[in-house]
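J.: As input, take entry.tsv (TSV, C-alpha atoms):
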```
chain	number	residue	atom	x	y	z
T	113	MET	CA	11.37	-1.11	17.13
T	114	ASP	CA	11.46	2.11	15.12
T	115	PHE	CA	8.43	3.45	13.27
T	116	ILE	CA	9.04	5.20	9.98
T	117	LEU	CA	6.29	7.23	8.34
T	118	MET	CA	6.45	7.04	4.57
T	119	THR	CA	4.55	9.11	2.05
T	120	GLU	CA	5.18	9.74	-1.61
T	121	GLY	CA	2.90	12.74	-1.94
T	122	ASP	CA	0.27	10.84	-3.90
T	123	THR	CA	-1.89	13.63	-5.36
T	124	PRO	CA	-5.55	12.93	-6.27
T	125	VAL	CA	-7.05	14.11	-9.54
T	126	GLY	CA	-8.19	17.71	-9.26
T	127	LEU	CA	-5.71	18.70	-6.54
T	128	THR	CA	-2.44	20.52	-7.17
T	129	HIS	CA	0.99	19.22	-6.23
T	130	GLU	CA	1.52	22.45	-4.30
T	131	HIS	CA	-1.51	21.76	-2.10
T	132	ARG	CA	-0.51	18.13	-1.55
T	133	TYR	CA	3.01	19.14	-0.53
T	134	ARG	CA	1.57	21.54	2.08
T	135	GLU	CA	-0.53	18.69	3.44
T	136	LEU	CA	2.51	16.41	3.49
T	137	ILE	CA	4.40	18.93	5.62
T	138	GLU	CA	1.56	18.97	8.17
T	139	GLU	CA	1.60	15.17	8.28
T	140	VAL	CA	5.34	15.04	8.99
T	141	LEU	CA	5.10	17.65	11.75
T	142	LEU	CA	2.27	15.67	13.36
T	143	ALA	CA	4.28	12.47	13.07
T	144	GLU	CA	7.13	14.04	15.03
T	145	ARG	CA	4.74	15.24	17.76
T	146	VAL	CA	3.09	11.85	18.27
T	147	GLY	CA	6.25	9.76	18.36
T	148	PHE	CA	7.25	8.47	14.92
T	149	ASP	CA	11.01	7.94	14.74
T	150	ALA	CA	11.61	8.87	11.12
T	151	PHE	CA	10.05	10.10	7.91
T	152	GLY	CA	10.93	8.91	4.44
T	153	SER	CA	9.89	9.15	0.84
T	154	SER	CA	11.00	7.34	-2.27
T	155	GLU	CA	12.52	9.06	-5.28
T	156	GLN	CA	9.94	8.63	-8.04
T	157	HIS	CA	10.43	10.18	-11.47
T	158	VAL	CA	7.79	10.93	-14.14
T	159	ALA	CA	5.26	8.87	-12.17
T	160	LEU	CA	1.67	8.61	-13.39
T	161	GLY	CA	-1.27	8.45	-11.03
T	162	THR	CA	0.75	7.97	-7.86
T	163	ALA	CA	3.91	9.43	-6.26
T	164	SER	CA	4.88	13.08	-6.71
T	165	VAL	CA	8.11	13.28	-4.66
T	166	SER	CA	10.88	13.34	-7.25
T	167	ALA	CA	13.43	15.39	-5.29
T	168	PRO	CA	13.45	14.32	-1.61
T	169	GLU	CA	16.90	15.86	-1.23
T	170	VAL	CA	15.16	19.24	-1.70
T	171	LEU	CA	12.11	18.43	0.44
T	172	TYR	CA	14.03	17.06	3.42
T	173	PRO	CA	16.12	20.15	4.29
T	174	TYR	CA	12.92	22.22	4.39
T	175	LEU	CA	11.39	19.74	6.83
T	176	MET	CA	14.62	19.51	8.83
T	177	ALA	CA	14.36	23.21	9.60
T	178	LEU	CA	10.82	22.72	10.94
T	179	THR	CA	11.62	19.71	13.15
T	180	SER	CA	14.03	18.85	15.94
T	181	ARG	CA	13.79	15.12	16.69
T	182	ILE	CA	12.43	13.05	13.81
T	183	ARG	CA	14.99	11.45	11.49
T	184	PHE	CA	14.87	11.41	7.70
T	185	ILE	CA	15.57	8.42	5.49
T	186	HIS	CA	15.75	8.25	1.72
T	187	LEU	CA	13.41	5.39	0.71
T	188	VAL	CA	15.19	5.13	-1.67
T	189	THR	CA	17.80	7.11	-3.61
T	190	LEU	CA	18.24	5.60	-7.07
T	191	LEU	CA	21.82	4.71	-7.96
T	192	PRO	CA	21.81	3.95	-11.71
T	193	THR	CA	24.59	6.22	-12.99
T	194	ARG	CA	22.28	8.05	-15.40
T	195	ILE	CA	19.96	9.06	-12.56
T	196	ASN	CA	22.33	9.87	-9.69
T	197	HIS	CA	26.11	9.92	-9.67
T	198	ALA	CA	27.12	8.25	-6.42
T	199	LEU	CA	29.62	10.97	-5.53
T	200	ARG	CA	26.88	13.60	-5.81
T	201	VAL	CA	24.71	11.48	-3.53
T	202	ALA	CA	27.52	11.37	-0.95
T	203	GLU	CA	27.84	15.17	-1.09
T	204	ARG	CA	24.08	15.71	-0.72
T	205	VAL	CA	23.68	13.26	2.17
T	206	ALA	CA	26.66	14.78	4.01
T	207	THR	CA	25.07	18.21	3.61
T	208	GLU	CA	21.72	16.90	4.89
T	209	ASP	CA	23.52	15.31	7.83
T	210	ILE	CA	24.94	18.69	8.79
T	211	LEU	CA	21.67	20.58	8.32
T	212	SER	CA	19.69	18.01	10.34
T	213	ASN	CA	22.31	17.70	13.09
T	214	GLY	CA	22.86	14.02	12.31
T	215	ARG	CA	19.29	12.95	11.47
T	216	ILE	CA	19.71	11.51	7.96
T	217	GLU	CA	19.85	7.94	6.63
T	218	LEU	CA	20.44	6.72	3.09
T	219	GLY	CA	18.28	4.00	1.62
T	220	THR	CA	19.43	2.98	-1.86
T	221	GLY	CA	17.98	1.13	-4.83
T	222	ARG	CA	18.12	0.65	-8.57
T	223	GLY	CA	14.61	1.64	-9.67
T	224	ASN	CA	11.34	-0.26	-9.92
T	225	THR	CA	9.40	1.39	-12.76
T	226	THR	CA	9.92	1.27	-16.50
T	227	LEU	CA	8.66	4.87	-16.68
T	228	ALA	CA	11.70	6.14	-14.78
T	229	LEU	CA	14.30	3.70	-16.14
T	230	ARG	CA	13.39	4.39	-19.75
T	231	ALA	CA	13.13	8.13	-19.21
T	232	PHE	CA	16.71	8.21	-17.93
T	233	GLU	CA	17.86	5.61	-20.49
T	234	VAL	CA	18.88	3.12	-17.84
T	235	ASP	CA	19.74	-0.42	-18.91
T	236	PRO	CA	17.90	-2.73	-16.45
T	237	SER	CA	20.53	-5.42	-16.98
T	238	GLU	CA	23.29	-3.10	-15.70
T	239	ASN	CA	21.72	-1.05	-12.94
T	240	LYS	CA	22.21	-3.67	-10.22
T	241	ALA	CA	25.96	-3.56	-10.73
T	242	GLN	CA	25.82	0.25	-10.86
T	243	TRP	CA	23.91	0.28	-7.57
T	244	ARG	CA	26.46	-1.95	-5.86
T	245	GLU	CA	29.43	0.12	-7.02
T	246	GLY	CA	27.57	3.29	-6.04
T	247	VAL	CA	27.04	2.08	-2.47
T	248	GLU	CA	30.71	1.14	-2.15
T	249	LEU	CA	31.83	4.49	-3.55
T	250	ILE	CA	29.56	6.41	-1.14
T	251	ARG	CA	30.82	4.42	1.84
T	252	ARG	CA	34.45	5.03	0.89
T	253	ALA	CA	33.76	8.74	0.46
T	254	PHE	CA	32.22	8.85	3.95
T	255	LEU	CA	34.91	6.78	5.65
T	256	ASP	CA	38.20	7.58	3.95
T	257	ASP	CA	39.99	10.86	3.58
T	258	VAL	CA	41.44	10.53	0.92
T	259	PHE	CA	39.25	7.99	-0.98
T	260	SER	CA	39.34	6.53	-4.51
T	261	TYR	CA	37.47	3.89	-6.48
T	262	VAL	CA	38.05	1.80	-9.60
T	263	GLY	CA	35.28	-0.38	-11.00
T	264	ASP	CA	33.33	-1.07	-14.17
T	265	HIS	CA	31.09	1.96	-13.75
T	266	TYR	CA	33.13	4.37	-11.59
T	267	LYS	CA	36.79	5.32	-11.80
T	268	ILE	CA	37.37	8.03	-9.20
T	269	PRO	CA	40.94	9.25	-8.61
T	270	PRO	CA	42.08	10.11	-5.06
T	271	ARG	CA	39.79	12.84	-3.71
T	272	SER	CA	38.47	14.24	-0.43
T	273	LEU	CA	34.72	14.53	0.22
T	274	VAL	CA	33.47	18.05	0.95
T	275	PRO	CA	31.58	18.46	3.25
T	276	LYS	CA	32.01	15.57	5.66
T	277	PRO	CA	28.96	14.01	7.40
T	278	LEU	CA	28.46	14.35	11.16
T	279	GLN	CA	27.41	10.83	12.09
T	280	THR	CA	29.99	8.25	13.09
T	281	PRO	CA	31.10	6.14	11.35
T	282	TYR	CA	28.78	7.55	8.66
T	283	PRO	CA	25.04	8.04	8.03
T	284	PRO	CA	23.39	4.59	8.02
T	285	ILE	CA	23.07	3.01	4.58
T	286	SER	CA	20.48	0.44	3.55
T	287	ALA	CA	19.15	-1.16	0.38
T	288	ALA	CA	15.73	-1.94	-1.01
T	289	ALA	CA	15.50	-5.74	-0.89
T	290	GLY	CA	12.48	-7.34	-2.47
T	291	SER	CA	13.99	-10.78	-3.03
T	292	PRO	CA	16.07	-13.25	-0.97
T	293	SER	CA	19.02	-12.58	-3.29
T	294	SER	CA	18.85	-8.83	-2.56
T	295	VAL	CA	18.62	-9.52	1.18
T	296	GLU	CA	21.76	-11.68	1.02
T	297	THR	CA	23.58	-8.97	-0.90
T	298	ALA	CA	22.69	-6.25	1.61
T	299	ALA	CA	23.69	-8.42	4.59
T	300	SER	CA	26.98	-9.45	2.98
T	301	MET	CA	27.78	-5.76	2.41
T	302	GLY	CA	26.99	-4.93	6.05
T	303	ILE	CA	24.23	-2.46	5.21
T	304	GLY	CA	20.57	-2.45	6.20
T	305	ALA	CA	17.80	-4.12	4.19
T	306	ILE	CA	14.40	-2.59	3.48
T	307	MET	CA	12.33	-5.72	2.97
T	308	GLY	CA	8.87	-6.03	1.44
T	309	GLY	CA	6.77	-9.04	0.65
T	310	LEU	CA	5.32	-7.92	-2.71
T	311	TYR	CA	1.87	-8.79	-1.23
T	312	LEU	CA	2.95	-12.45	-1.11
T	313	GLY	CA	2.52	-12.89	2.64
T	314	TYR	CA	4.25	-12.78	6.02
T	315	ASP	CA	6.18	-16.01	5.63
T	316	LEU	CA	8.29	-14.52	2.83
T	317	VAL	CA	9.27	-11.54	4.98
T	318	GLU	CA	10.02	-13.70	8.01
T	319	ASN	CA	12.27	-15.93	5.91
T	320	MET	CA	14.08	-12.88	4.54
T	321	ILE	CA	14.72	-11.58	8.06
T	322	LYS	CA	16.20	-14.96	9.05
T	323	LEU	CA	18.30	-15.00	5.88
T	324	TYR	CA	19.60	-11.49	6.64
T	325	ASP	CA	20.67	-12.47	10.16
T	326	LYS	CA	22.32	-15.69	8.95
T	327	THR	CA	24.21	-13.97	6.11
T	328	LEU	CA	25.31	-11.02	8.24
T	329	ALA	CA	26.76	-13.35	10.89
T	330	ALA	CA	28.54	-15.52	8.31
T	331	THR	CA	30.25	-12.64	6.48
T	332	GLU	CA	33.46	-10.85	7.38
T	333	HIS	CA	33.08	-7.08	7.15
T	334	PRO	CA	36.21	-5.02	6.46
T	335	HIS	CA	34.28	-1.73	6.88
T	336	PRO	CA	32.17	-0.47	9.79
T	337	ILE	CA	28.68	-1.83	9.19
T	338	THR	CA	25.20	-0.31	9.59
T	339	PRO	CA	22.93	-3.38	9.83
T	340	ARG	CA	19.20	-2.74	10.13
T	341	LYS	CA	16.22	-4.94	9.29
T	342	MET	CA	13.42	-2.70	8.05
T	343	VAL	CA	10.11	-4.09	6.84
T	344	ALA	CA	8.01	-2.03	4.45
T	345	VAL	CA	4.22	-2.07	4.67
T	346	ALA	CA	4.05	-0.74	1.14
T	347	GLY	CA	0.32	-1.00	0.48
T	348	GLY	CA	-0.45	1.28	3.36
T	349	MET	CA	-1.11	1.70	7.06
T	350	HIS	CA	-4.46	3.13	8.07
T	351	CYS	CA	-5.64	3.38	11.67
T	352	ALA	CA	-9.18	4.45	12.59
T	353	GLU	CA	-11.50	4.29	15.59
T	354	THR	CA	-12.84	0.89	14.50
T	355	THR	CA	-11.44	-1.79	12.23
T	356	ALA	CA	-14.59	-1.72	10.10
T	357	GLN	CA	-14.17	2.02	9.54
T	358	ALA	CA	-10.46	1.61	8.77
T	359	ARG	CA	-11.18	-1.07	6.17
T	360	THR	CA	-13.89	0.98	4.49
T	361	GLU	CA	-11.68	4.07	4.29
T	362	ALA	CA	-8.62	2.10	3.13
T	363	LYS	CA	-10.20	0.37	0.13
T	364	PRO	CA	-8.88	3.06	-2.28
T	365	LEU	CA	-5.37	1.90	-1.36
T	366	PHE	CA	-5.93	-1.17	-3.52
T	367	ASP	CA	-5.81	1.04	-6.63
T	368	MET	CA	-2.30	2.23	-5.75
T	369	ALA	CA	-1.23	-1.35	-5.03
T	370	LYS	CA	-2.54	-2.56	-8.38
T	371	LEU	CA	-0.73	0.25	-10.18
T	372	SER	CA	2.60	-0.54	-8.53
T	373	THR	CA	2.38	-4.28	-9.09
T	374	ASP	CA	1.48	-3.77	-12.74
T	375	ALA	CA	4.80	-1.95	-13.08
T	376	TYR	CA	6.56	-4.86	-11.34
T	377	GLU	CA	5.18	-7.39	-13.80
T	378	ARG	CA	6.40	-5.34	-16.77
T	379	LEU	CA	9.86	-5.00	-15.21
T	380	SER	CA	10.09	-8.74	-14.59
T	381	LYS	CA	10.12	-9.32	-18.35
T	382	LEU	CA	12.98	-6.91	-19.06
T	383	SER	CA	15.84	-8.42	-17.05
T	384	LYS	CA	16.60	-11.55	-15.04
T	385	ASP	CA	17.54	-9.25	-12.15
T	386	TYR	CA	13.85	-8.29	-11.90
T	387	ALA	CA	12.38	-11.74	-12.66
T	388	TYR	CA	11.26	-12.29	-9.05
T	389	MET	CA	8.75	-9.44	-9.42
T	390	GLY	CA	6.70	-11.53	-11.83
T	391	ALA	CA	5.18	-13.42	-8.89
T	392	VAL	CA	2.74	-10.54	-8.33
T	393	LYS	CA	0.66	-11.61	-11.35
T	394	ASP	CA	-1.11	-14.24	-9.22
T	395	ILE	CA	-2.32	-11.84	-6.49
T	396	ASP	CA	-6.10	-11.49	-6.13
T	397	PHE	CA	-6.60	-7.83	-5.29
T	398	ASN	CA	-10.34	-8.39	-4.99
T	399	ASN	CA	-9.87	-10.67	-1.98
T	400	GLU	CA	-10.24	-8.06	0.75
T	401	GLU	CA	-9.62	-10.45	3.64
T	402	TYR	CA	-6.36	-11.69	2.10
T	403	MET	CA	-5.15	-8.21	1.19
T	404	PHE	CA	-5.80	-6.64	4.60
T	405	GLU	CA	-4.88	-9.56	6.85
T	406	HIS	CA	-2.50	-11.91	5.05
T	407	SER	CA	-0.73	-10.16	2.14
T	408	GLN	CA	1.72	-8.27	4.42
T	409	GLY	CA	1.13	-5.22	2.26
T	410	PHE	CA	-1.31	-3.52	4.63
T	411	MET	CA	-1.79	-2.65	8.28
T	412	VAL	CA	-5.40	-1.56	8.59
T	413	GLY	CA	-7.58	-1.49	11.69
T	414	ASP	CA	-8.25	0.12	15.03
T	415	PRO	CA	-5.29	0.68	17.38
T	416	ASP	CA	-5.62	-2.75	19.01
T	417	HIS	CA	-5.68	-4.46	15.62
T	418	CYS	CA	-2.62	-2.49	14.50
T	419	ILE	CA	-0.84	-3.50	17.71
T	420	GLN	CA	-1.41	-7.16	16.82
T	421	HIS	CA	0.13	-6.60	13.38
T	422	VAL	CA	3.15	-4.77	14.83
T	423	GLN	CA	3.68	-7.53	17.39
T	424	ARG	CA	3.91	-10.01	14.55
T	425	TYR	CA	6.82	-8.06	13.06
T	426	ALA	CA	8.44	-7.67	16.48
T	427	ASP	CA	8.29	-11.44	16.95
T	428	MET	CA	10.01	-11.88	13.57
T	429	GLY	CA	12.92	-9.71	14.72
T	430	ALA	CA	12.30	-6.62	12.61
T	431	ASP	CA	14.20	-3.51	13.74
T	432	ALA	CA	11.90	-0.98	12.07
T	433	LEU	CA	8.62	-0.70	10.18
T	434	VAL	CA	8.22	1.53	7.15
T	435	LEU	CA	4.53	2.49	7.13
T	436	ARG	CA	3.18	4.11	4.00
T	437	VAL	CA	0.49	6.64	4.99
T	438	ASP	CA	-0.72	8.04	1.69
T	439	SER	CA	-3.36	7.96	-1.08
T	440	LEU	CA	-6.29	8.93	1.19
T	441	PRO	CA	-7.88	12.30	2.09
T	442	HIS	CA	-5.65	14.49	4.24
T	443	ASP	CA	-8.01	14.52	7.23
T	444	GLN	CA	-8.07	10.72	7.30
T	445	LEU	CA	-4.27	10.55	7.05
T	446	MET	CA	-3.86	13.01	9.92
T	447	ARG	CA	-6.27	11.06	12.13
T	448	SER	CA	-4.51	7.80	11.27
T	449	ILE	CA	-1.09	9.23	12.17
T	450	GLU	CA	-2.46	10.61	15.45
T	451	LEU	CA	-4.17	7.39	16.52
T	452	PHE	CA	-1.15	5.25	15.64
T	453	GLY	CA	1.22	7.59	17.45
T	454	LYS	CA	-0.91	7.92	20.58
T	455	TYR	CA	-2.02	4.32	21.02
T	456	VAL	CA	0.22	1.94	19.04
T	457	ILE	CA	3.78	3.28	19.22
T	458	PRO	CA	3.85	3.59	23.05
T	459	ARG	CA	3.02	-0.13	23.39
T	460	PHE	CA	6.40	-0.90	21.83
T	461	LYS	CA	8.45	2.10	22.97
T	462	ASN	CA	7.49	2.42	26.64
T	463	PRO	CA	4.77	-0.09	27.56
T	464	ARG	CA	5.12	0.53	31.31
T	465	ASN	CA	3.78	4.04	30.83
T	466	VAL	CA	0.63	2.92	29.03
T	467	VAL	CA	-2.37	3.39	31.32
T	468	ARG	CA	-4.19	0.11	31.92
T	469	SER	CA	-7.85	-0.41	32.78
T	470	ALA	CA	-8.79	-0.63	36.45
T	471	ASP	CA	-10.18	-4.15	35.88
T	472	ASP	CA	-6.85	-5.37	34.49
T	473	VAL	CA	-4.91	-3.88	37.39
T	474	LEU	CA	-7.34	-5.35	39.94
T	475	ALA	CA	-7.05	-8.77	38.31
T	476	ASP	CA	-3.26	-8.62	38.65
T	477	ILE	CA	-3.56	-7.46	42.26
T	478	ARG	CA	-5.81	-10.41	43.11
T	479	ALA	CA	-3.47	-12.81	41.33
T	480	ALA	CA	-0.51	-11.46	43.33
T	481	ARG	CA	-2.20	-11.80	46.74
T	482	PRO	CA	-1.37	-15.50	47.41
T	483	ALA	CA	2.35	-14.90	46.91
T	484	HIS	CA	2.22	-11.83	49.16
T	485	GLU	CA	0.33	-13.73	51.88
T	486	GLU	CA	2.86	-16.56	51.70
T	487	ALA	CA	5.69	-14.03	52.09
T	488	LEU	CA	3.95	-12.58	55.16
T	489	ARG	CA	3.50	-16.07	56.62
T	490	GLN	CA	7.21	-16.82	56.15
T	491	TYR	CA	8.14	-13.47	57.69
T	492	HIS	CA	6.04	-14.05	60.81
T	493	ALA	CA	7.30	-17.63	61.17
T	494	ASN	CA	10.91	-16.50	61.02
T	495	HIS	CA	10.22	-13.58	63.36
T	496	THR	CA	8.64	-15.94	65.90
T	497	LYS	CA	11.72	-18.21	65.83
T	498	GLU	CA	14.05	-15.25	66.38
T	499	THR	CA	11.99	-14.07	69.36
T	500	ALA	CA	12.03	-17.55	70.93
T	501	ARG	CA	15.83	-17.57	70.83
```
Take the structure in this file and express it as structure tokens.
T.:
Amino acid sequence: MDFILMTEGDTPVGLTHEHRYRELIEEVLLAERVGFDAFGSSEQHVALGTASVSAPEVLYPYLMALTSRIRFIHLVTLLPTRINHALRVAERVATEDILSNGRIELGTGRGNTTLALRAFEVDPSENKAQWREGVELIRRAFLDDVFSYVGDHYKIPPRSLVPKPLQTPYPPISAAAGSPSSVETAASMGIGAIMGGLYLGYDLVENMIKLYDKTLAATEHPHPITPRKMVAVAGGMHCAETTAQARTEAKPLFDMAKLSTDAYERLSKLSKDYAYMGAVKDIDFNNEEYMFEHSQGFMVGDPDHCIQHVQRYADMGADALVLRVDSLPHDQLMRSIELFGKYVIPRFKNPRNVVRSADDVLADIRAARPAHEEALRQYHANHTKETAR
């Protein structure tokens, strides 16, 4: 399983965006040192009271120059035509692929706030079709030299992409998938799915993972595919020395969750393509036990508690976890990243290297003794027979 650190540069009142960006850089550098596989941020425009990363394509190359191993994934690039022309996205991602030496991935989406969609004059009844054509255009630009495209929203004559990406067959592409319908679409296209449960519980995510696998296997794919099942813990991951401490420190994350779900409810009334988001209206954000343990939106606790949560996703068949680490004081975020990297990630990356307690090892030694003694008994019995001959 891959572990993806996500932050949107949430900047508290009284702090400057400049200061928060400097903190964000420190967090990404620490994440690389302690074993996170990738870093990602969404593309949020004119956001109020939350995300400040509006141009990840500018932020990432700066971070690429400061790192050597960690990958970068757009979580997500918006593909309504009024926000990003798909051909420009292909050019930018190819450039990032070169600058990072093949460490870039492209998550895609259509937008999930009325603030951004209205600011860019995006019709929410059309942006799903624009997203789908945009993904197809980007894939053709990556794969074919020369490529072209004719659709309702793009009509590109034969052209050659400059520059070309490094990765083969192309940088992995995925899609934000908050509903079963979106999961089916991503799987049928042969791209990855970034799945979240909208705080509605683990069963929804597990069912979406099964649906992705079933749809992917049942679909013929004319292009090379980049399948990946990513699960987003969108409310936030927070790891501390004790679970009680983690819960106390993480309570401010509820405010961010409420803000985001309020936007979802408004969107659900604008287009049938967003209707599924209306289910968030029934969530009780004051039920701390539900939110932390059952909503699927959070991973909060000490390292052992976080390991239990991760194991649940591993058992579902998730390929990667997108862990939002944001909206808390910088020192708490740094400690959370360090604890998770030192004590949680190794349990799933290289468990044989994790040092066990002496009591656990002794218990296994004692349990293994009867089998060893039986092997010795068989050895001596056979040796005695050979000597007698």
J.: One decimal, Å: what's the distance from atom CA of Leu191 of chain T over to atom CA of Arg222 of chain T, could you say?
T.: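 Calculated distance between atom CA of Leu191 of chain T and atom CA of Arg222 of chain T is 5.5 Å.
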J.: Which one of T:Gly147, T:Ala470, T:Glu120, T:Glu361 sits closest to Ser166 of chain T if you count only C-alpha atoms?
T.: T:Glu120
J.: Give as a PyMOL selection string the set of residues within 10 Å of the point (21.8, 9.4, 2.4), where distances use the file's coordinates and all atoms listed in the file.
T.: chain T and resi 169+184-189+201-209+216-220+250+277+282-286
J.: What would the file look like if the residues just selected were written as a PDB file, in the frame of the given file with C-alpha atoms?
T.:
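Wrote it out as selection15.pdb, contents follow:
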```
ATOM      1  CA  GLU T 169      16.900  15.860  -1.230  1.00  0.00           C
ATOM      2  CA  PHE T 184      14.870  11.410   7.700  1.00  0.00           C
ATOM      3  CA  ILE T 185      15.570   8.420   5.490  1.00  0.00           C
ATOM      4  CA  HIS T 186      15.750   8.250   1.720  1.00  0.00           C
ATOM      5  CA  LEU T 187      13.410   5.390   0.710  1.00  0.00           C
ATOM      6  CA  VAL T 188      15.190   5.130  -1.670  1.00  0.00           C
ATOM      7  CA  THR T 189      17.800   7.110  -3.610  1.00  0.00           C
ATOM      8  CA  VAL T 201      24.710  11.480  -3.530  1.00  0.00           C
ATOM      9  CA  ALA T 202      27.520  11.370  -0.950  1.00  0.00           C
ATOM     10  CA  GLU T 203      27.840  15.170  -1.090  1.00  0.00           C
ATOM     11  CA  ARG T 204      24.080  15.710  -0.720  1.00  0.00           C
ATOM     12  CA  VAL T 205      23.680  13.260   2.170  1.00  0.00           C
ATOM     13  CA  ALA T 206      26.660  14.780   4.010  1.00  0.00           C
ATOM     14  CA  THR T 207      25.070  18.210   3.610  1.00  0.00           C
ATOM     15  CA  GLU T 208      21.720  16.900   4.890  1.00  0.00           C
ATOM     16  CA  ASP T 209      23.520  15.310   7.830  1.00  0.00           C
ATOM     17  CA  ILE T 216      19.710  11.510   7.960  1.00  0.00           C
ATOM     18  CA  GLU T 217      19.850   7.940   6.630  1.00  0.00           C
ATOM     19  CA  LEU T 218      20.440   6.720   3.090  1.00  0.00           C
ATOM     20  CA  GLY T 219      18.280   4.000   1.620  1.00  0.00           C
ATOM     21  CA  THR T 220      19.430   2.980  -1.860  1.00  0.00           C
ATOM     22  CA  ILE T 250      29.560   6.410  -1.140  1.00  0.00           C
ATOM     23  CA  PRO T 277      28.960  14.010   7.400  1.00  0.00           C
ATOM     24  CA  TYR T 282      28.780   7.550   8.660  1.00  0.00           C
ATOM     25  CA  PRO T 283      25.040   8.040   8.030  1.00  0.00           C
ATOM     26  CA  PRO T 284      23.390   4.590   8.020  1.00  0.00           C
ATOM     27  CA  ILE T 285      23.070   3.010   4.580  1.00  0.00           C
ATOM     28  CA  SER T 286      20.480   0.440   3.550  1.00  0.00           C
TER      29      SER T 286
END
```
J.: If we draw a sphere of 10 Å around (16.1, 1.3, -18.4), which residues have at least one atom in it when counting all atoms listed in the file? Please report them as a PyMOL selection string.
T.: chain T and resi 192+194+223-239+379+382-383
J.: Which is closer to Cys351 of chain T than all the others in T:Asn196, T:Thr119, T:Asn213, T:Ser448, using all atoms listed in the file?
T.: T:Ser448
J.: So, with all atoms listed in the file as the atoms that count, which of T:Arg244, T:Lys363, T:His495, T:Arg378 lies closest to Ile303 of chain T?
T.: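 Closest to Ile303 of chain T of all the choices is T:Arg244.
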J.: What gap, in Å, lies between atom CA of Gly348 of chain T and atom CA of Phe404 of chain T?
T.: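 The value is 9.6 Å.
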J.: Could you please determine the separation between atom CA of Leu175 of chain T and atom CA of Met118 of chain T in Å, to one decimal place?
T.: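 One can read the atom CA of Leu175 of chain T to atom CA of Met118 of chain T distance as 13.8 Å.
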J.: Find the residue from T:Gly409, T:Pro364, T:Pro124, T:Pro292 that sits nearest to Lys322 of chain T; use all atoms listed in the file when measuring.
T.: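 With all atoms listed in the file as the atom set, the closest residue is T:Pro292.
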J.: Looking at T:His265, T:Arg447, T:Arg200, T:Lys454, which one is nearest to Glu138 of chain T, with distances taken over all atoms listed in the file?
T.: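 Looking at the shortest contact to Glu138 of chain T, the residue is T:Arg447.
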J.: Any idea what's packed within 7 Å of segment 311-318 of chain T, counting only C-alpha atoms, ignoring anything in its chain fewer than 2 positions away? Could you give it as a ChimeraX atom specification?
T.: /T:307-309,320-322,406-409,428
J.: What does the file look like for those residues with C-alpha atoms, as an mmCIF file, keeping the file's coordinate frame?
T.:
```
data_model
loop_
_atom_site.group_PDB
_atom_site.id
_atom_site.type_symbol
_atom_site.label_atom_id
_atom_site.label_comp_id
_atom_site.auth_asym_id
_atom_site.auth_seq_id
_atom_site.Cartn_x
_atom_site.Cartn_y
_atom_site.Cartn_z
ATOM 1 C CA MET T 307 12.330 -5.720 2.970
ATOM 2 C CA GLY T 308 8.870 -6.030 1.440
ATOM 3 C CA GLY T 309 6.770 -9.040 0.650
ATOM 4 C CA MET T 320 14.080 -12.880 4.540
ATOM 5 C CA ILE T 321 14.720 -11.580 8.060
ATOM 6 C CA LYS T 322 16.200 -14.960 9.050
ATOM 7 C CA HIS T 406 -2.500 -11.910 5.050
ATOM 8 C CA SER T 407 -0.730 -10.160 2.140
ATOM 9 C CA GLN T 408 1.720 -8.270 4.420
ATOM 10 C CA GLY T 409 1.130 -5.220 2.260
ATOM 11 C CA MET T 428 10.010 -11.880 13.570
#
```
J.: Rank nothing, just name the residue among T:Val258, T:Leu278, T:Val247, T:Leu141 nearest to Met301 of chain T, using only C-alpha atoms.
T.: T:Val247
J.: Which neighbours of Ser291 of chain T fall inside 8 Å, counting all atoms listed in the file, when residues of the same chain fewer than 2 positions from it are skipped, and could you give them as a list of chain:residue names?
T.: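 So, after excluding close chain neighbours, the residues are T:Ala289, T:Ser293, T:Ser294, T:Val295, T:Met320, T:Tyr388.
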